[in-house]
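The block underneath contains the structure these notes are about, expressed in structure tokens.
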Amino acid sequence: MTDSAGFRENNYSSVHEKHASWAQPHVVKEEFYRTFVLIAGKIPYWAVLPVGLMDRDYESWIKAAARGVGNALDPDDYIDLGNLTAVDTRECYSAMFHLLSRAYDDPVNALIKGSLLAWQSLSQDNRGPLCDVAKKRFAESRFDSELVNPSVLVYDTVLKFYEGLNDQDGLALIRDCIYLQIVGYPVPRPVKTDTSEYRLLKRYLNGWTWTAGRARQLQDYAIWPENEKLAFEDRLIKKLSSLCAQSLCVYNRKRRNIENDIALLTALDNATFNDIKGGENRPAYASAYLRDIDIDHCLGVSFEAGSDGAGRWVVRDNRARAVQGKDFLLFTAPRLLYVLGWIVFNRLHRGKNTSIEFFHRTGSPVPSGRARQVFEEVCAFFSDDSTSRSALRVRPECVRVFVALESGVVASNRRTEWADFLVQKEQMGMCFTTLDLSRIQSALLKHHCVATHIWNHLKNVAPEHGAYHVVDFRTVQDPTVSGAIDDFIAEFRKGDSEISLSEAGRKSADPPSGRSHGSGFLLDLL
């Protein structure tokens, strides 16, 4: 992110402009020091110097080390990243914004870190930065003591923070988070006896007035239904959002310029929950557990016919069939492409298509074999690079549009009734839309509508950064359809943003180059 000289002086001028708003030098440095991270194999001088040095004293120590006084420290083994006497509380709310924007990756860890930032911002005591407390503990404790673990210091601090606020809801949530963090969220594992983790859990459980079975319930987190996991994560992220708002209000009491920051908080808050919940036309995030497990044949996709005839596509957890009394429905949507997009968006296929099974059900508008084939096309089209969160920041100009044409369940139906679109805009994430084409009689006009919708996504990006792919879910497929859509988009690329109906009618007299002359769909408008 920056070089050691900039880090030492708390200067992040080398950070790219669009990331500069998230650079919190004191917050980052405190965590570096508290966790005793080595930099390129070198030990920060801070880690071996006395606790609580003021900047002037710190510099004296560094100069003495550079001169080799006493030959106690080999300069080749150490790096100077600067002193730290306090964390600037003005950085805390910005750091919390950054946590909130990525909370869906690990909501448990996000709330623990966010609570620590809130403590630093709202009620930091006079012990100095937490890294100083960690260094002092390390010097005074046995090597096998759990108190040497920097995470334990964080846990104890945030517990006291919520107790001091008399926030019972926050205290209950943070206890759950600490327990899950120790046992291995999002996939808990049994904690072996005679370990520091076991001793730590025992110490906490002896002091917490938990209801009977709460520890066992959290230990069994892996078999919670997906909706319960998502509801739990939702509570954690809402709590983090509330802490952001409190920290922001404290900061603005001094700054007295709250309007822009409240707008920023509201926008980020809404964007975060839209990402997690999916919102209208946006795939929702799966639980952190579901995104973490890696077991073949774990998800099953099938069609369920509804009493109203509409039906729905569902995703279930195949591994949980033997567990009674639980609803292992993971996701549902009225359109197959939306379900496939949800799977790829959350990377539940893990790059291995065998992790998904497709089951044929009576009345399914798409046979299981065809659904599998299209799923593989979706996986190939939205590669790991295009769906990764790092790629969303590196290449904001890229757009990919996947289109599925459907006709319904009537076996002889050749008509295109719907066109489903799965769109990946690297800067905005993935979205899903459906065009109802059932009221349009002309096949040519339907293809024109589909092409126009595709072009609306691609027209503002360079050709090498935009791509589209059309598949046919119709019971009776027509290979000339995708060719007609290609021709319209080719015309759009030449500069015609719209093709008038009269022009489309004139074009229909000559079949598109490379298309079957026997196809009659281009004559529909005459």
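How things are named: the first chain in the structure tokens is A, the next is B, and so on; residues count from 1 in each chain; ligands count from 1 in the order shown.
Secondary structure from DSSP on the backbone puts strand (DSSP E or B) at the following positions of stretch 35-187 of chain A: Ile39, Lys42, Ile43, Pro44, Tyr78 and Ile79 of chain A.
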Can you tell me how far atom CA of A:Ser242 sits from atom CA of A:Gln219, in Å to one decimal?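 It comes out at 27.2 Å.
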Could you please write out, as a PyMOL selection string, every residue of stretch 85-171 of chain A that DSSP assigns to helix (DSSP H, G or I)? chain A and resi 89-101+103-105+107-122+130-140+146-148+150-165+168-171
Taking 3 positions as the minimum chain separation for residues in the same chain, which residues sit within 10 Å of A:Ser438 when counting only C-alpha atoms? Answer as a ChimeraX atom specification. /A:407,415-419,435,441,446
So what do you get for atom CA of A:Asp132 versus atom CA of A:Val37, distance-wise?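 Value for the atom CA of A:Asp132-atom CA of A:Val37 distance: 14.4 Å.
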